[in-house]
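Q: Sending over model05.txt (compact mmCIF, N, CA and C atoms).
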```txt
# COMPACT_ATOMS: atom_id res chain seq x y z
N MET W 1 47.32 -37.15 -15.63
CA MET W 1 48.40 -38.09 -15.41
C MET W 1 49.65 -37.54 -16.09
N GLU W 2 50.78 -37.76 -15.51
CA GLU W 2 52.06 -37.28 -16.02
C GLU W 2 52.94 -38.47 -16.37
N THR W 3 53.71 -38.31 -17.44
CA THR W 3 54.65 -39.35 -17.86
C THR W 3 56.04 -38.91 -17.45
N LEU W 4 56.79 -39.83 -16.85
CA LEU W 4 58.12 -39.53 -16.37
C LEU W 4 59.06 -40.63 -16.83
N THR W 5 60.18 -40.24 -17.39
CA THR W 5 61.20 -41.20 -17.81
C THR W 5 62.41 -41.03 -16.90
N ILE W 6 62.84 -42.13 -16.29
CA ILE W 6 64.00 -42.07 -15.40
C ILE W 6 64.97 -43.19 -15.76
N ASN W 7 66.24 -42.92 -15.54
CA ASN W 7 67.27 -43.94 -15.74
C ASN W 7 67.69 -44.45 -14.37
N ILE W 8 67.56 -45.75 -14.19
CA ILE W 8 67.85 -46.37 -12.90
C ILE W 8 69.01 -47.34 -13.08
N PRO W 9 69.99 -47.31 -12.19
CA PRO W 9 71.08 -48.30 -12.27
C PRO W 9 70.50 -49.72 -12.19
N ASP W 10 71.10 -50.63 -12.94
CA ASP W 10 70.59 -52.00 -13.01
C ASP W 10 70.43 -52.64 -11.63
N LYS W 11 71.37 -52.38 -10.74
CA LYS W 11 71.32 -53.01 -9.43
C LYS W 11 70.17 -52.49 -8.57
N LYS W 12 69.68 -51.29 -8.85
CA LYS W 12 68.61 -50.69 -8.05
C LYS W 12 67.25 -50.75 -8.73
N SER W 13 67.21 -51.24 -9.95
CA SER W 13 65.99 -51.22 -10.74
C SER W 13 64.83 -51.95 -10.07
N ALA W 14 65.06 -53.15 -9.59
CA ALA W 14 64.00 -53.93 -8.97
C ALA W 14 63.44 -53.22 -7.73
N LEU W 15 64.31 -52.65 -6.92
CA LEU W 15 63.88 -51.95 -5.71
C LEU W 15 63.05 -50.72 -6.04
N VAL W 16 63.51 -49.94 -7.00
CA VAL W 16 62.79 -48.73 -7.39
C VAL W 16 61.43 -49.09 -7.98
N LYS W 17 61.38 -50.11 -8.83
CA LYS W 17 60.10 -50.54 -9.41
C LYS W 17 59.15 -51.01 -8.32
N GLN W 18 59.65 -51.72 -7.34
CA GLN W 18 58.81 -52.21 -6.24
C GLN W 18 58.22 -51.03 -5.47
N ILE W 19 59.02 -50.04 -5.17
CA ILE W 19 58.56 -48.87 -4.43
C ILE W 19 57.52 -48.11 -5.24
N LEU W 20 57.81 -47.89 -6.53
CA LEU W 20 56.88 -47.16 -7.38
C LEU W 20 55.55 -47.89 -7.55
N LYS W 21 55.59 -49.20 -7.72
CA LYS W 21 54.35 -49.97 -7.83
C LYS W 21 53.54 -49.86 -6.54
N GLY W 22 54.23 -49.86 -5.39
CA GLY W 22 53.55 -49.69 -4.12
C GLY W 22 52.85 -48.35 -4.01
N LEU W 23 53.35 -47.35 -4.71
CA LEU W 23 52.73 -46.02 -4.73
C LEU W 23 51.66 -45.88 -5.81
N GLY W 24 51.43 -46.95 -6.57
CA GLY W 24 50.39 -46.93 -7.59
C GLY W 24 50.84 -46.46 -8.95
N VAL W 25 52.14 -46.44 -9.17
CA VAL W 25 52.68 -45.99 -10.44
C VAL W 25 52.60 -47.13 -11.45
N THR W 26 52.19 -46.80 -12.68
CA THR W 26 52.15 -47.77 -13.76
C THR W 26 53.50 -47.73 -14.46
N ILE W 27 54.15 -48.87 -14.57
CA ILE W 27 55.47 -48.94 -15.19
C ILE W 27 55.33 -49.62 -16.54
N GLN W 28 55.79 -48.91 -17.58
CA GLN W 28 55.75 -49.46 -18.93
C GLN W 28 57.15 -49.86 -19.33
N GLY W 29 57.31 -51.07 -19.80
CA GLY W 29 58.61 -51.53 -20.28
C GLY W 29 58.91 -50.93 -21.63
N GLN W 30 60.17 -50.80 -21.95
CA GLN W 30 60.56 -50.26 -23.24
C GLN W 30 60.41 -51.35 -24.29
N ASN W 31 59.77 -51.00 -25.39
CA ASN W 31 59.51 -51.94 -26.46
C ASN W 31 60.80 -52.19 -27.25
N LYS W 32 61.23 -53.43 -27.32
CA LYS W 32 62.48 -53.78 -28.01
C LYS W 32 62.36 -53.53 -29.51
N ASN W 33 61.14 -53.68 -30.07
CA ASN W 33 60.96 -53.44 -31.50
C ASN W 33 61.19 -51.96 -31.82
N GLU W 34 60.73 -51.08 -30.94
CA GLU W 34 60.93 -49.65 -31.14
C GLU W 34 62.42 -49.31 -31.08
N GLU W 35 63.14 -49.93 -30.17
CA GLU W 35 64.58 -49.69 -30.07
C GLU W 35 65.29 -50.13 -31.34
N ALA W 36 64.92 -51.29 -31.85
CA ALA W 36 65.56 -51.80 -33.06
C ALA W 36 65.26 -50.89 -34.25
N ALA W 37 64.03 -50.41 -34.35
CA ALA W 37 63.66 -49.52 -35.44
C ALA W 37 64.43 -48.20 -35.34
N TYR W 38 64.58 -47.69 -34.13
CA TYR W 38 65.32 -46.45 -33.91
C TYR W 38 66.78 -46.61 -34.29
N LYS W 39 67.39 -47.72 -33.90
CA LYS W 39 68.78 -47.98 -34.24
C LYS W 39 68.95 -48.11 -35.76
N LYS W 40 67.98 -48.75 -36.41
CA LYS W 40 68.03 -48.91 -37.86
C LYS W 40 67.96 -47.54 -38.54
N LYS W 41 67.08 -46.65 -38.04
CA LYS W 41 66.99 -45.30 -38.61
C LYS W 41 68.29 -44.54 -38.43
N LEU W 42 68.94 -44.71 -37.28
CA LEU W 42 70.22 -44.03 -37.06
C LEU W 42 71.30 -44.50 -38.02
N LEU W 43 71.27 -45.78 -38.36
CA LEU W 43 72.27 -46.32 -39.28
C LEU W 43 72.08 -45.80 -40.69
N GLU W 44 70.87 -45.31 -41.00
CA GLU W 44 70.59 -44.80 -42.34
C GLU W 44 70.99 -43.33 -42.50
N VAL W 45 71.41 -42.69 -41.42
CA VAL W 45 71.84 -41.30 -41.49
C VAL W 45 73.16 -41.23 -42.26
N THR W 46 73.19 -40.32 -43.22
CA THR W 46 74.40 -40.23 -44.04
C THR W 46 75.41 -39.27 -43.41
N VAL W 47 76.63 -39.48 -43.76
CA VAL W 47 77.72 -38.61 -43.29
C VAL W 47 78.19 -37.82 -44.50
N TRP W 48 78.27 -36.51 -44.33
CA TRP W 48 78.72 -35.65 -45.42
C TRP W 48 80.24 -35.59 -45.44
N SER W 49 80.77 -35.69 -46.64
CA SER W 49 82.22 -35.59 -46.79
C SER W 49 82.62 -34.13 -46.89
N SER W 50 83.90 -33.86 -46.81
CA SER W 50 84.42 -32.50 -46.96
C SER W 50 84.07 -31.94 -48.33
N ASP W 51 84.06 -32.81 -49.33
CA ASP W 51 83.72 -32.38 -50.69
C ASP W 51 82.26 -31.93 -50.75
N ASP W 52 81.36 -32.67 -50.10
CA ASP W 52 79.95 -32.29 -50.06
C ASP W 52 79.79 -30.92 -49.40
N LEU W 53 80.47 -30.72 -48.33
CA LEU W 53 80.38 -29.45 -47.61
C LEU W 53 80.97 -28.31 -48.42
N ARG W 54 82.01 -28.58 -49.18
CA ARG W 54 82.63 -27.55 -50.01
C ARG W 54 81.64 -27.06 -51.07
N HIS W 55 80.91 -27.99 -51.69
CA HIS W 55 79.90 -27.61 -52.69
C HIS W 55 78.77 -26.82 -52.05
N THR W 56 78.36 -27.20 -50.88
CA THR W 56 77.29 -26.49 -50.18
C THR W 56 77.74 -25.08 -49.82
N GLU W 57 78.95 -24.94 -49.37
CA GLU W 57 79.50 -23.63 -49.02
C GLU W 57 79.61 -22.75 -50.26
N ALA W 58 80.03 -23.32 -51.38
CA ALA W 58 80.13 -22.56 -52.63
C ALA W 58 78.75 -22.07 -53.07
N ALA W 59 77.74 -22.90 -52.95
CA ALA W 59 76.38 -22.50 -53.31
C ALA W 59 75.90 -21.37 -52.40
N ARG W 60 76.20 -21.45 -51.12
CA ARG W 60 75.80 -20.40 -50.18
C ARG W 60 76.46 -19.08 -50.54
N MET W 61 77.73 -19.13 -50.86
CA MET W 61 78.45 -17.92 -51.22
C MET W 61 77.88 -17.31 -52.51
N SER W 62 77.44 -18.15 -53.45
CA SER W 62 76.85 -17.65 -54.69
C SER W 62 75.59 -16.86 -54.40
N PHE W 63 74.77 -17.34 -53.49
CA PHE W 63 73.54 -16.63 -53.14
C PHE W 63 73.85 -15.30 -52.44
N GLU W 64 74.91 -15.26 -51.69
CA GLU W 64 75.25 -14.03 -50.98
C GLU W 64 75.74 -12.94 -51.94
N THR W 65 76.27 -13.33 -53.09
CA THR W 65 76.78 -12.33 -54.03
C THR W 65 75.68 -11.77 -54.93
N LEU W 66 74.50 -12.36 -54.93
CA LEU W 66 73.41 -11.87 -55.75
C LEU W 66 72.93 -10.52 -55.21
N LYS W 67 72.68 -9.60 -56.12
CA LYS W 67 72.17 -8.28 -55.75
C LYS W 67 70.76 -8.14 -56.31
N PRO W 68 69.87 -7.51 -55.57
CA PRO W 68 68.51 -7.32 -56.11
C PRO W 68 68.53 -6.35 -57.29
N GLN W 69 67.64 -6.61 -58.22
CA GLN W 69 67.58 -5.74 -59.40
C GLN W 69 67.00 -4.39 -59.03
N GLN W 70 67.47 -3.37 -59.70
CA GLN W 70 66.94 -2.02 -59.51
C GLN W 70 65.80 -1.81 -60.49
N TRP W 71 64.68 -1.29 -60.02
CA TRP W 71 63.54 -1.04 -60.90
C TRP W 71 63.50 0.39 -61.29
```
Would you kindly transcribe this structure into structure tokens?

A:
Amino acid sequence: METLTINIPDKKSALVKQILKGLGVTIQGQNKNEEAAYKKKLLEVTVWSSDDLRHTEAARMSFETLKPQQW
């Protein structure tokens, strides 16, 4: 069995579902709880400021200047 996700315009949704059901396709509705959890996770993503990026860039440059020791 194969899973397929398609985006259907609202006005055509009922027609497409009817045709697919007639062909024996199982249609699963999208779980609203999963959507809410996903949106909540997205809201928790932090945004880095220019200052944060400046410190990260400085640290990267420090590593690039390191030379391996000679034995």

Q: Go ahead and compute the interatomic distance for CA of Tyr38 in chain W and CA of Ala14 in chain W, in Å to one decimal.

A: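 One can read the CA of Tyr38 in chain W to CA of Ala14 in chain W distance as 26.1 Å.
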
Q: Around (62.2, -45.4, -11.4), as given in the file, which residues come within 8 Å? Count all atoms listed in the file and list them as a compact mmCIF listing (two decimals) with N, CA and C atoms, in the frame of the given file.

A:
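After the write, result-v1.txt holds the following:
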```
# COMPACT_ATOMS: atom_id res chain seq x y z
N LEU W 4 56.79 -39.83 -16.85
CA LEU W 4 58.12 -39.53 -16.37
C LEU W 4 59.06 -40.63 -16.83
N THR W 5 60.18 -40.24 -17.39
CA THR W 5 61.20 -41.20 -17.81
C THR W 5 62.41 -41.03 -16.90
N ILE W 6 62.84 -42.13 -16.29
CA ILE W 6 64.00 -42.07 -15.40
C ILE W 6 64.97 -43.19 -15.76
N ASN W 7 66.24 -42.92 -15.54
CA ASN W 7 67.27 -43.94 -15.74
C ASN W 7 67.69 -44.45 -14.37
N ILE W 8 67.56 -45.75 -14.19
CA ILE W 8 67.85 -46.37 -12.90
C ILE W 8 69.01 -47.34 -13.08
N LYS W 12 69.68 -51.29 -8.85
CA LYS W 12 68.61 -50.69 -8.05
C LYS W 12 67.25 -50.75 -8.73
N SER W 13 67.21 -51.24 -9.95
CA SER W 13 65.99 -51.22 -10.74
C SER W 13 64.83 -51.95 -10.07
N LEU W 15 64.31 -52.65 -6.92
CA LEU W 15 63.88 -51.95 -5.71
C LEU W 15 63.05 -50.72 -6.04
N VAL W 16 63.51 -49.94 -7.00
CA VAL W 16 62.79 -48.73 -7.39
C VAL W 16 61.43 -49.09 -7.98
N LYS W 17 61.38 -50.11 -8.83
CA LYS W 17 60.10 -50.54 -9.41
C LYS W 17 59.15 -51.01 -8.32
N GLN W 18 59.65 -51.72 -7.34
CA GLN W 18 58.81 -52.21 -6.24
C GLN W 18 58.22 -51.03 -5.47
N LEU W 20 57.81 -47.89 -6.53
CA LEU W 20 56.88 -47.16 -7.38
C LEU W 20 55.55 -47.89 -7.55
```

Q: For CA of Ala37 in chain W and CA of Asp10 in chain W, determine how far apart the two atoms are, in Å to one decimal place.

A: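 Atom-to-atom, CA of Ala37 in chain W to CA of Asp10 in chain W, that is 23.6 Å.
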
Q: Could you tell me how far atom C of Pro9 in chain W sits from CA of Ala36 in chain W, in Å to one decimal place?

A: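 Value for the CA of Ala36 in chain W-atom C of Pro9 in chain W distance: 21.5 Å.
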
Q: Out of range 25-70 of chain W, which residues get alpha helix (DSSP H) from DSSP, as a PyMOL selection string?

A: chain W and resi 32-43+50-65

Q: Around range 46-52 of chain W, fit a box with edges along x, y and z, padding it by 3 Å on each side, then list its centre and edge lengths in Å to one decimal as AutoDock Vina command-line options.

A:
```
--center_x 78.8 --center_y -35.6 --center_z -47.0 --size_x 17.2 --size_y 15.4 --size_z 13.5
```
